[in-house]
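In what follows, a structure is listed as structure tokens, so that the remarks can point back to it.
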Amino acid sequence: MEQALIYMVPVLGILGLIVMAIKSSWVLKQATGDKNMVELAGYIADGAMAFLRAEWKVLSYFAIIAAIVLAWSGMLVETSHPTIAISFLIGAFLSAFAGYIGMKIATKANVRTTQAARTSLKHALKVSFTGGSVMGLGVAGLAVLGLGSLFIILYQVFVVSVGAGVNGIEMEKALEVLAGFSLGAESIALFARVGGGIYTKAADVGADLVGKVEAGIPEDDVRNPATIADNVGDNVGDVAGMGADLFGSYVATILATMVLGREIVSIDAFGGIAPILLPMVLAGLGIVFSIMGMAFVTIKDDKGDVQKALNMGNWSSIIFTGIASFFVVQYMLPETLSIRGYEFTNMDVFYAIVLGLVVGTLMSIITEYYTAMGKRPVLSIIKQSGTGHATNIIGGLSVGMESTVLPILVLAGGIYGSYEFAGLYGVAIAAAGMMATTAMQLAIDAFGPIADNAGGIAEMSQLPEEVRGRTDVLDAVGNTTAATGKGFAIASAALTSLALFAAFVGIAGIDAIDIYKADVLAGLFVGGMIPFIFSSLAIAAVGRAAMDMVNEVRRQFREIPGIMEYKTKPEYEKCVEISTKASIREMIAPGAIALLSPIIIGFAFGPEVLGGTLAGVTVSGVLMGIFQSNAGGAWDNAKKSFEKGVEINGEMYYKKSEPHKASVTGDTVGDPFKDTSGPSMNILIKLMSIVALVIAPHISEGTHSSPLSENVVKKEVKKEIKIVNGKKIETETITITK
């Protein structure tokens, strides 16, 4: 039974990859349009690949150096092993590969979505969403396959081969090595997210300021030299970056639950590893239910509600997962369990999973409200655009700040409720339940930039207005789904970071974080500051790169005759080169802060001060992430509302009007908020927690007062069959050796 369940996890990952391949094949069979459309799509694909090659070159140096350090550190403590370096490299490679899969299909699906929009909105939605599904299933499939397979190997090598118990130091060593996989995934995710975010927003801001505001040409006009770089940015930031981001989140959530599950002495039919296996099984089943949910994403005709179709697919996958988790929990877990003295039942675990699904759903609904067209927050920004640029900025900032209230209350309720149900394991499994449908969430998220690119190609190819109208419908919904995806990611990061924090406390041998201590309080303040300096570096990097982009676009308009008359093609490659070099150069400093600050603080001041720092980073980072992502999303849709016309004080305003120009300014400010620093917050807080978890054995102050402190190292189950009155009676004797 134990073997069958363990091996089912990577099999479900393979299933996800098989369906991914089928969907990818279908997308590639769709028509690509005329020669001009194919040429433009080729520019975008070539630019995206050029960026990835440059980024991977830099990250390969980092990965090799980090692996050497990890291998050396793995020899210094009993609860780690040099193979943590191999685990790190596998995680880093799969994270980068997951981003590559998404970006590759996105650069193929964009032009095919444009061509599909020439026939109907229904077909355009099918092509763009199927392209997004390829990314979602690729990320989830690789994560489940990679993590599940690596766990099987580590469990066999470190635990089974020496006849050790599930709750002993051998399993702790196996999970510490597995943490290297998550560290590799999150490290690449941070650089991919920050680098991609800098790239896309440098190009976007440059294209907007010179093209739309100064030259008065459409956003994706083929005459704008930065427009190809802008479309490339949608792929490297919102697709490759997001793919690596959610791959890391997915893995970190499962790992945190597994580490806490090790502390539970479980008398089950799976050799005592049911609490460790449960999050992986949920993730694997989530792939199946995401595939089922994807079938619901369709509309009848051009008047169909695209947002409703996406919500139908999302909610159905969530409901399927919730129903299945009841039977999985009943099947796998014993009736009663406990962690660190907190007793709970298997039904309490189910309630925690459902609560996690509810929290994720509420976060998406709240984020949609604050960023969607036609809702009060976006309408308030539109109204304030009527009095100028400054009031537009004020309106967007106030919406972003207001938008933190409900999500934080939902998160607080989720944390409190899941802890009441099943202690710290409940918090972790709630996050795992929320992340179970990652394939579906990411499919919805990746659909957005594909639709955005499709609209850009339609504009550059000067296709009929009805084609651009259909792609605009998809693009507007894509802006909202991108925002809800970021809200979902930050919510999962909050729960995951708390679970990682609890795991760190256990391994580091501390019982509490006492903020009455001056050094711990100082660490708390330092942690609260880190998201601000991180955001500052990311936003400033966008500003510097955007200045270079603006100057280059102005130069080409000034020095290359015939661009505005469509007689000469702009030098697109110059703008692509500016974004590529700037993003690679500028991503180093924010990444160094996330990786080095927990190491410096941990070794210099000890685990309790580091714990205070992690608490500060988590609270501050979650608030900053929600504020920036929602403010940017609201600004963006306020600007897009002018394309169909908006009413301000009884008068209608359209594109190129003064209120529209004010909305463009707001969108330009919001761009690095929502696509660079904001979505990076969830990676920042998780990565710092994972680094702390990896170094915890090196800075440990002793043994935490958990079940592990009782030195539970082996559990034996003996079964005997006796004949009583001619009947066979089976008895079971359980012996726990301390």
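Chain identifiers are assigned as A, B, and so on, following the order in which chains appear in the structure tokens; residues are numbered from 1 within each chain, and ligands are numbered from 1 in order of appearance.
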
DSSP-assigned helix (DSSP H, G or I) members of range 244-276 of chain A, reported as a PyMOL selection string: chain A and resi 244-261+274-276

Just all heavy atoms for this one: save the residues we selected as a short mmCIF file (atom, residue, chain, number, x, y, z; two decimals), in the first residue's frame.
```
data_model
loop_
_atom_site.label_atom_id
_atom_site.label_comp_id
_atom_site.auth_asym_id
_atom_site.auth_seq_id
_atom_site.Cartn_x
_atom_site.Cartn_y
_atom_site.Cartn_z
N ALA A 244 8.08 30.28 -13.33
CA ALA A 244 9.10 29.94 -12.32
C ALA A 244 8.62 30.31 -10.93
O ALA A 244 8.88 29.58 -9.95
CB ALA A 244 10.40 30.67 -12.65
N ASP A 245 7.89 31.43 -10.82
CA ASP A 245 7.37 31.89 -9.54
C ASP A 245 6.43 30.86 -8.92
O ASP A 245 6.63 30.41 -7.78
CB ASP A 245 6.63 33.22 -9.78
CG ASP A 245 5.98 33.79 -8.52
OD1 ASP A 245 6.02 33.14 -7.47
OD2 ASP A 245 5.42 34.90 -8.61
N LEU A 246 5.40 30.45 -9.67
CA LEU A 246 4.44 29.51 -9.10
C LEU A 246 5.01 28.10 -8.97
O LEU A 246 4.56 27.33 -8.13
CB LEU A 246 3.15 29.50 -9.92
CG LEU A 246 2.20 30.67 -9.64
CD1 LEU A 246 0.86 30.47 -10.31
CD2 LEU A 246 1.99 30.88 -8.15
N PHE A 247 6.00 27.75 -9.80
CA PHE A 247 6.69 26.48 -9.59
C PHE A 247 7.33 26.49 -8.21
O PHE A 247 7.20 25.52 -7.44
CB PHE A 247 7.76 26.28 -10.67
CG PHE A 247 8.52 24.98 -10.55
CD1 PHE A 247 8.10 23.85 -11.22
CD2 PHE A 247 9.66 24.89 -9.76
CE1 PHE A 247 8.80 22.65 -11.11
CE2 PHE A 247 10.37 23.70 -9.65
CZ PHE A 247 9.93 22.58 -10.33
N GLY A 248 8.03 27.57 -7.90
CA GLY A 248 8.68 27.68 -6.58
C GLY A 248 7.68 27.69 -5.45
O GLY A 248 7.88 27.05 -4.41
N SER A 249 6.56 28.43 -5.63
CA SER A 249 5.52 28.49 -4.60
C SER A 249 4.92 27.12 -4.34
O SER A 249 4.71 26.71 -3.19
CB SER A 249 4.42 29.46 -5.02
OG SER A 249 4.91 30.76 -5.15
N TYR A 250 4.63 26.42 -5.40
CA TYR A 250 4.04 25.08 -5.36
C TYR A 250 4.93 24.14 -4.54
O TYR A 250 4.49 23.47 -3.60
CB TYR A 250 3.95 24.60 -6.80
CG TYR A 250 2.96 23.51 -7.11
CD1 TYR A 250 1.69 23.47 -6.55
CD2 TYR A 250 3.28 22.52 -8.05
CE1 TYR A 250 0.78 22.50 -6.90
CE2 TYR A 250 2.38 21.53 -8.40
CZ TYR A 250 1.13 21.53 -7.82
OH TYR A 250 0.23 20.55 -8.17
N VAL A 251 6.22 24.15 -4.88
CA VAL A 251 7.18 23.26 -4.23
C VAL A 251 7.37 23.64 -2.76
O VAL A 251 7.40 22.78 -1.87
CB VAL A 251 8.52 23.29 -4.98
CG1 VAL A 251 9.61 22.58 -4.17
CG2 VAL A 251 8.38 22.64 -6.35
N ALA A 252 7.49 24.95 -2.49
CA ALA A 252 7.72 25.41 -1.12
C ALA A 252 6.55 25.05 -0.21
O ALA A 252 6.75 24.66 0.95
CB ALA A 252 7.96 26.92 -1.11
N THR A 253 5.34 25.17 -0.73
CA THR A 253 4.15 24.84 0.06
C THR A 253 4.13 23.36 0.42
O THR A 253 3.87 22.99 1.58
CB THR A 253 2.88 25.19 -0.74
OG1 THR A 253 2.91 26.57 -1.09
CG2 THR A 253 1.63 24.91 0.08
N ILE A 254 4.39 22.51 -0.55
CA ILE A 254 4.40 21.07 -0.30
C ILE A 254 5.51 20.72 0.69
O ILE A 254 5.30 19.95 1.64
CB ILE A 254 4.59 20.29 -1.62
CG1 ILE A 254 3.42 20.56 -2.56
CG2 ILE A 254 4.72 18.80 -1.36
CD1 ILE A 254 3.63 20.04 -3.97
N LEU A 255 6.70 21.29 0.50
CA LEU A 255 7.83 21.00 1.36
C LEU A 255 7.55 21.39 2.81
O LEU A 255 7.83 20.63 3.74
CB LEU A 255 9.08 21.72 0.86
CG LEU A 255 10.30 21.58 1.78
CD1 LEU A 255 10.91 20.19 1.66
CD2 LEU A 255 11.34 22.65 1.49
N ALA A 256 7.00 22.60 3.01
CA ALA A 256 6.71 23.06 4.37
C ALA A 256 5.77 22.10 5.09
O ALA A 256 5.96 21.78 6.28
CB ALA A 256 6.09 24.46 4.31
N THR A 257 4.76 21.61 4.38
CA THR A 257 3.82 20.66 4.97
C THR A 257 4.50 19.33 5.28
O THR A 257 4.23 18.70 6.32
CB THR A 257 2.62 20.43 4.03
OG1 THR A 257 2.17 21.68 3.53
CG2 THR A 257 1.48 19.75 4.76
N MET A 258 5.39 18.89 4.42
CA MET A 258 6.11 17.63 4.64
C MET A 258 7.02 17.73 5.86
O MET A 258 7.10 16.79 6.67
CB MET A 258 6.93 17.27 3.40
CG MET A 258 6.10 16.94 2.17
SD MET A 258 7.09 16.77 0.67
CE MET A 258 7.89 15.19 0.98
N VAL A 259 7.70 18.86 6.01
CA VAL A 259 8.62 19.03 7.15
C VAL A 259 7.84 19.00 8.46
O VAL A 259 8.26 18.36 9.44
CB VAL A 259 9.40 20.36 7.02
CG1 VAL A 259 10.18 20.65 8.30
CG2 VAL A 259 10.36 20.29 5.83
N LEU A 260 6.68 19.65 8.49
CA LEU A 260 5.86 19.61 9.71
C LEU A 260 5.22 18.24 9.89
O LEU A 260 5.04 17.77 11.02
CB LEU A 260 4.79 20.70 9.65
CG LEU A 260 5.31 22.13 9.82
CD1 LEU A 260 4.19 23.14 9.55
CD2 LEU A 260 5.88 22.35 11.21
N GLY A 261 4.86 17.59 8.78
CA GLY A 261 4.27 16.25 8.86
C GLY A 261 5.21 15.24 9.49
O GLY A 261 4.76 14.26 10.09
N ALA A 274 2.05 8.99 6.18
CA ALA A 274 0.85 9.59 5.60
C ALA A 274 0.83 11.12 5.72
O ALA A 274 0.51 11.81 4.75
CB ALA A 274 -0.40 8.98 6.23
N PRO A 275 1.16 11.71 6.90
CA PRO A 275 1.15 13.19 6.98
C PRO A 275 2.18 13.84 6.06
O PRO A 275 1.99 14.98 5.63
CB PRO A 275 1.49 13.46 8.45
CG PRO A 275 1.13 12.21 9.17
CD PRO A 275 1.44 11.10 8.21
N ILE A 276 3.26 13.12 5.75
CA ILE A 276 4.28 13.64 4.85
C ILE A 276 3.83 13.52 3.40
O ILE A 276 4.05 14.41 2.58
CB ILE A 276 5.62 12.90 5.06
CG1 ILE A 276 6.11 13.09 6.50
CG2 ILE A 276 6.68 13.36 4.07
CD1 ILE A 276 7.33 12.25 6.85
#
```

For Gly478 in chain A: contacts at 9 Å, only C-alpha atoms, fewer than 6 positions along chain excluded, given as a PyMOL selection string: chain A and resi 307+444-452

Ile584 in chain A surroundings by only C-alpha atoms, 9 Å radius, close-in-sequence under 4 positions cut, as a ChimeraX atom specification: /A:51,54-55,58,191,195-196,198-199,579-580,588

Please, could you write that set of residues out with N, CA, C and O atoms as a PDB file, in the first residue's frame?
```
ATOM      1  N   PHE A  51      16.664  36.872 -24.451  1.00  0.00           N
ATOM      2  CA  PHE A  51      16.682  37.220 -23.032  1.00  0.00           C
ATOM      3  C   PHE A  51      16.943  35.995 -22.167  1.00  0.00           C
ATOM      4  O   PHE A  51      17.770  36.038 -21.245  1.00  0.00           O
ATOM      5  N   ALA A  54      20.558  34.920 -22.188  1.00  0.00           N
ATOM      6  CA  ALA A  54      21.403  35.825 -21.401  1.00  0.00           C
ATOM      7  C   ALA A  54      21.178  35.616 -19.903  1.00  0.00           C
ATOM      8  O   ALA A  54      22.133  35.613 -19.115  1.00  0.00           O
ATOM      9  N   GLU A  55      19.917  35.434 -19.505  1.00  0.00           N
ATOM     10  CA  GLU A  55      19.596  35.233 -18.091  1.00  0.00           C
ATOM     11  C   GLU A  55      20.146  33.905 -17.590  1.00  0.00           C
ATOM     12  O   GLU A  55      20.743  33.830 -16.510  1.00  0.00           O
ATOM     13  N   VAL A  58      23.938  33.898 -16.777  1.00  0.00           N
ATOM     14  CA  VAL A  58      24.273  34.482 -15.473  1.00  0.00           C
ATOM     15  C   VAL A  58      23.845  33.549 -14.339  1.00  0.00           C
ATOM     16  O   VAL A  58      24.599  33.303 -13.390  1.00  0.00           O
ATOM     17  N   PHE A 191      15.025  35.509  -9.434  1.00  0.00           N
ATOM     18  CA  PHE A 191      15.756  36.186 -10.501  1.00  0.00           C
ATOM     19  C   PHE A 191      14.913  36.278 -11.777  1.00  0.00           C
ATOM     20  O   PHE A 191      14.924  37.299 -12.481  1.00  0.00           O
ATOM     21  N   GLY A 195      14.048  39.875 -12.919  1.00  0.00           N
ATOM     22  CA  GLY A 195      14.651  40.187 -14.208  1.00  0.00           C
ATOM     23  C   GLY A 195      13.600  40.368 -15.286  1.00  0.00           C
ATOM     24  O   GLY A 195      13.637  41.331 -16.063  1.00  0.00           O
ATOM     25  N   GLY A 196      12.641  39.450 -15.344  1.00  0.00           N
ATOM     26  CA  GLY A 196      11.575  39.555 -16.331  1.00  0.00           C
ATOM     27  C   GLY A 196      10.710  40.779 -16.109  1.00  0.00           C
ATOM     28  O   GLY A 196      10.278  41.440 -17.058  1.00  0.00           O
ATOM     29  N   ILE A 198      11.650  43.659 -14.693  1.00  0.00           N
ATOM     30  CA  ILE A 198      12.398  44.846 -15.115  1.00  0.00           C
ATOM     31  C   ILE A 198      12.365  44.963 -16.637  1.00  0.00           C
ATOM     32  O   ILE A 198      12.165  46.048 -17.198  1.00  0.00           O
ATOM     33  N   TYR A 199      12.559  43.843 -17.314  1.00  0.00           N
ATOM     34  CA  TYR A 199      12.548  43.834 -18.784  1.00  0.00           C
ATOM     35  C   TYR A 199      11.225  44.363 -19.325  1.00  0.00           C
ATOM     36  O   TYR A 199      11.187  45.293 -20.132  1.00  0.00           O
ATOM     37  N   SER A 579      16.541  46.459 -22.979  1.00  0.00           N
ATOM     38  CA  SER A 579      15.797  45.774 -21.913  1.00  0.00           C
ATOM     39  C   SER A 579      16.543  44.553 -21.398  1.00  0.00           C
ATOM     40  O   SER A 579      16.578  44.288 -20.187  1.00  0.00           O
ATOM     41  N   THR A 580      17.145  43.799 -22.302  1.00  0.00           N
ATOM     42  CA  THR A 580      17.865  42.582 -21.903  1.00  0.00           C
ATOM     43  C   THR A 580      19.035  42.917 -20.989  1.00  0.00           C
ATOM     44  O   THR A 580      19.186  42.343 -19.893  1.00  0.00           O
ATOM     45  N   ILE A 588      20.522  41.582  -9.963  1.00  0.00           N
ATOM     46  CA  ILE A 588      21.490  41.019  -9.025  1.00  0.00           C
ATOM     47  C   ILE A 588      21.282  41.523  -7.602  1.00  0.00           C
ATOM     48  O   ILE A 588      21.224  40.740  -6.641  1.00  0.00           O
TER      49      ILE A 588
END
```

Using only C-alpha atoms, find each residue of range 631-672 of chain A with at least one atom at most 12 Å away from an atom of range 546-565 of chain A; report its shortest atom-to-atom pair and that distance in Å (one decimal), sort the rows by chain and rising residue number, and return the result as JSON lines.
```
{"residue": "A:Thr668", "atom": "CA", "partner": "A:Ala546", "partner_atom": "CA", "distance": 10.4}
{"residue": "A:Val669", "atom": "CA", "partner": "A:Ala546", "partner_atom": "CA", "distance": 11.6}
{"residue": "A:Asp671", "atom": "CA", "partner": "A:Ala546", "partner_atom": "CA", "distance": 11.3}
{"residue": "A:Pro672", "atom": "CA", "partner": "A:Ala546", "partner_atom": "CA", "distance": 10.6}
```

Atom-to-atom span, CA of Ser325 in chain A and CA of Val144 in chain A, Å: 17.1 Å

Contacts of Phe93 in chain A within 12 Å, only C-alpha atoms, excl. fewer than 2 positions in-chain, as JSON, numbers by chain: {"A": [56, 59, 60, 63, 64, 86, 87, 88, 89, 90, 91, 95, 96, 97, 98, 99, 100, 142, 143, 146, 181, 182, 183, 184, 185, 186, 187, 188, 189, 244, 247, 248]}

Distance query Ile533 in chain A at most 12 Å, only C-alpha atoms, self and fewer than 2 positions along chain excluded, as a tab-separated table (two decimals) with all heavy atoms, in the first residue's frame:
```tsv
chain	number	residue	atom	x	y	z
A	526	VAL	N	14.14	45.26	11.12
A	526	VAL	CA	14.96	45.07	9.92
A	526	VAL	C	14.20	44.26	8.88
A	526	VAL	O	14.20	44.57	7.68
A	526	VAL	CB	16.30	44.40	10.26
A	526	VAL	CG1	17.05	43.97	8.99
A	526	VAL	CG2	17.18	45.33	11.08
A	527	GLY	N	13.52	43.21	9.34
A	527	GLY	CA	12.72	42.39	8.43
A	527	GLY	C	11.62	43.19	7.78
A	527	GLY	O	11.35	43.05	6.58
A	528	GLY	N	10.96	44.07	8.54
A	528	GLY	CA	9.91	44.91	7.98
A	528	GLY	C	10.42	45.88	6.93
A	528	GLY	O	9.69	46.28	6.02
A	529	MET	N	11.70	46.24	7.06
A	529	MET	CA	12.31	47.18	6.11
A	529	MET	C	12.68	46.53	4.78
A	529	MET	O	12.66	47.17	3.73
A	529	MET	CB	13.56	47.81	6.75
A	529	MET	CG	14.45	48.62	5.83
A	529	MET	SD	15.70	47.59	4.96
A	529	MET	CE	16.67	47.00	6.35
A	530	ILE	N	13.04	45.25	4.80
A	530	ILE	CA	13.60	44.59	3.61
A	530	ILE	C	12.69	44.67	2.39
A	530	ILE	O	13.15	44.99	1.28
A	530	ILE	CB	13.99	43.13	3.95
A	530	ILE	CG1	15.26	43.13	4.82
A	530	ILE	CG2	14.23	42.31	2.67
A	530	ILE	CD1	15.68	41.77	5.32
A	531	PRO	N	11.35	44.41	2.50
A	531	PRO	CA	10.51	44.55	1.31
A	531	PRO	C	10.52	45.96	0.71
A	531	PRO	O	10.34	46.12	-0.50
A	531	PRO	CB	9.11	44.19	1.83
A	531	PRO	CG	9.37	43.26	2.96
A	531	PRO	CD	10.60	43.82	3.63
A	535	SER	N	11.75	46.62	-3.02
A	535	SER	CA	10.87	47.29	-3.98
A	535	SER	C	11.54	48.52	-4.57
A	535	SER	O	11.42	48.80	-5.77
A	535	SER	CB	9.56	47.71	-3.30
A	535	SER	OG	8.81	46.58	-2.91
A	536	SER	N	12.25	49.25	-3.73
A	536	SER	CA	12.94	50.45	-4.21
A	536	SER	C	13.95	50.11	-5.30
A	536	SER	O	13.99	50.77	-6.35
A	536	SER	CB	13.67	51.13	-3.04
A	536	SER	OG	14.51	52.17	-3.50
A	537	LEU	N	14.73	49.08	-5.08
A	537	LEU	CA	15.72	48.68	-6.08
A	537	LEU	C	15.06	48.24	-7.38
A	537	LEU	O	15.51	48.58	-8.48
A	537	LEU	CB	16.59	47.54	-5.52
A	537	LEU	CG	17.56	47.92	-4.39
A	537	LEU	CD1	18.17	46.66	-3.78
A	537	LEU	CD2	18.65	48.84	-4.90
A	538	ALA	N	13.96	47.48	-7.26
A	538	ALA	CA	13.28	46.98	-8.46
A	538	ALA	C	12.65	48.12	-9.24
A	538	ALA	O	12.77	48.20	-10.47
A	538	ALA	CB	12.22	45.95	-8.06
A	539	ILE	N	11.95	49.03	-8.56
A	539	ILE	CA	11.29	50.14	-9.24
A	539	ILE	C	12.31	51.09	-9.83
A	539	ILE	O	12.15	51.59	-10.96
A	539	ILE	CB	10.34	50.87	-8.26
A	539	ILE	CG1	9.17	49.95	-7.88
A	539	ILE	CG2	9.82	52.16	-8.88
A	539	ILE	CD1	8.29	50.50	-6.77
A	540	ALA	N	13.39	51.37	-9.08
A	540	ALA	CA	14.44	52.26	-9.60
A	540	ALA	C	15.09	51.66	-10.83
A	540	ALA	O	15.45	52.38	-11.78
A	540	ALA	CB	15.49	52.52	-8.52
A	589	ALA	N	21.16	42.85	-7.43
A	589	ALA	CA	21.08	43.43	-6.08
A	589	ALA	C	19.84	42.96	-5.31
A	589	ALA	O	19.97	42.53	-4.14
A	589	ALA	CB	21.12	44.96	-6.16
A	590	PRO	N	18.63	43.01	-5.88
A	590	PRO	CA	17.47	42.50	-5.12
A	590	PRO	C	17.62	41.02	-4.77
A	590	PRO	O	17.26	40.60	-3.66
A	590	PRO	CB	16.29	42.72	-6.09
A	590	PRO	CG	16.74	43.80	-7.00
A	590	PRO	CD	18.20	43.60	-7.18
A	591	GLY	N	18.15	40.23	-5.70
A	591	GLY	CA	18.36	38.80	-5.42
A	591	GLY	C	19.33	38.57	-4.29
A	591	GLY	O	19.14	37.68	-3.44
A	592	ALA	N	20.40	39.38	-4.25
A	592	ALA	CA	21.41	39.24	-3.19
A	592	ALA	C	20.81	39.54	-1.82
A	592	ALA	O	21.14	38.88	-0.83
A	592	ALA	CB	22.59	40.16	-3.47
A	593	ILE	N	19.93	40.53	-1.76
A	593	ILE	CA	19.29	40.87	-0.48
A	593	ILE	C	18.49	39.68	0.05
A	593	ILE	O	18.59	39.32	1.24
A	593	ILE	CB	18.36	42.10	-0.65
A	593	ILE	CG1	19.19	43.36	-0.84
A	593	ILE	CG2	17.43	42.25	0.54
A	593	ILE	CD1	18.36	44.60	-1.12
A	594	ALA	N	17.70	39.07	-0.81
A	594	ALA	CA	16.86	37.95	-0.38
A	594	ALA	C	17.69	36.75	0.07
A	594	ALA	O	17.34	36.06	1.03
A	594	ALA	CB	15.93	37.54	-1.52
A	617	VAL	N	9.58	40.42	7.70
A	617	VAL	CA	9.55	40.31	6.24
A	617	VAL	C	8.18	39.82	5.77
A	617	VAL	O	7.62	40.34	4.79
A	617	VAL	CB	10.65	39.36	5.74
A	617	VAL	CG1	10.43	38.99	4.28
A	617	VAL	CG2	12.01	40.00	5.89
A	620	SER	N	5.32	42.62	6.40
A	620	SER	CA	5.55	43.76	5.52
A	620	SER	C	5.45	43.37	4.05
A	620	SER	O	4.85	44.09	3.25
A	620	SER	CB	6.94	44.35	5.81
A	620	SER	OG	7.25	45.40	4.93
A	621	GLY	N	6.01	42.20	3.70
A	621	GLY	CA	6.01	41.76	2.31
A	621	GLY	C	4.62	41.45	1.79
A	621	GLY	O	4.30	41.76	0.63
A	624	MET	N	2.88	44.83	1.22
A	624	MET	CA	3.44	45.51	0.06
A	624	MET	C	3.02	44.82	-1.24
A	624	MET	O	2.73	45.47	-2.24
A	624	MET	CB	4.97	45.54	0.16
A	624	MET	CG	5.51	46.56	1.13
A	624	MET	SD	5.38	48.24	0.48
A	624	MET	CE	6.74	48.24	-0.68
A	677	SER	N	7.95	44.77	-8.78
A	677	SER	CA	8.18	44.63	-7.33
A	677	SER	C	7.04	43.93	-6.60
A	677	SER	O	7.28	43.08	-5.73
A	677	SER	CB	8.43	46.00	-6.70
A	677	SER	OG	7.31	46.85	-6.90
A	681	MET	N	7.21	40.09	-4.18
A	681	MET	CA	7.13	40.02	-2.71
A	681	MET	C	6.89	38.60	-2.23
A	681	MET	O	7.46	38.17	-1.22
A	681	MET	CB	6.01	40.93	-2.20
A	681	MET	CG	6.27	42.42	-2.32
A	681	MET	SD	7.65	43.00	-1.32
A	681	MET	CE	8.87	43.22	-2.59
A	684	LEU	N	10.09	36.75	-2.37
A	684	LEU	CA	11.02	37.27	-1.36
A	684	LEU	C	10.78	36.63	0.00
A	684	LEU	O	11.72	36.12	0.64
A	684	LEU	CB	10.88	38.79	-1.26
A	684	LEU	CG	11.62	39.47	-0.11
A	684	LEU	CD1	13.13	39.42	-0.35
A	684	LEU	CD2	11.16	40.91	0.07
```
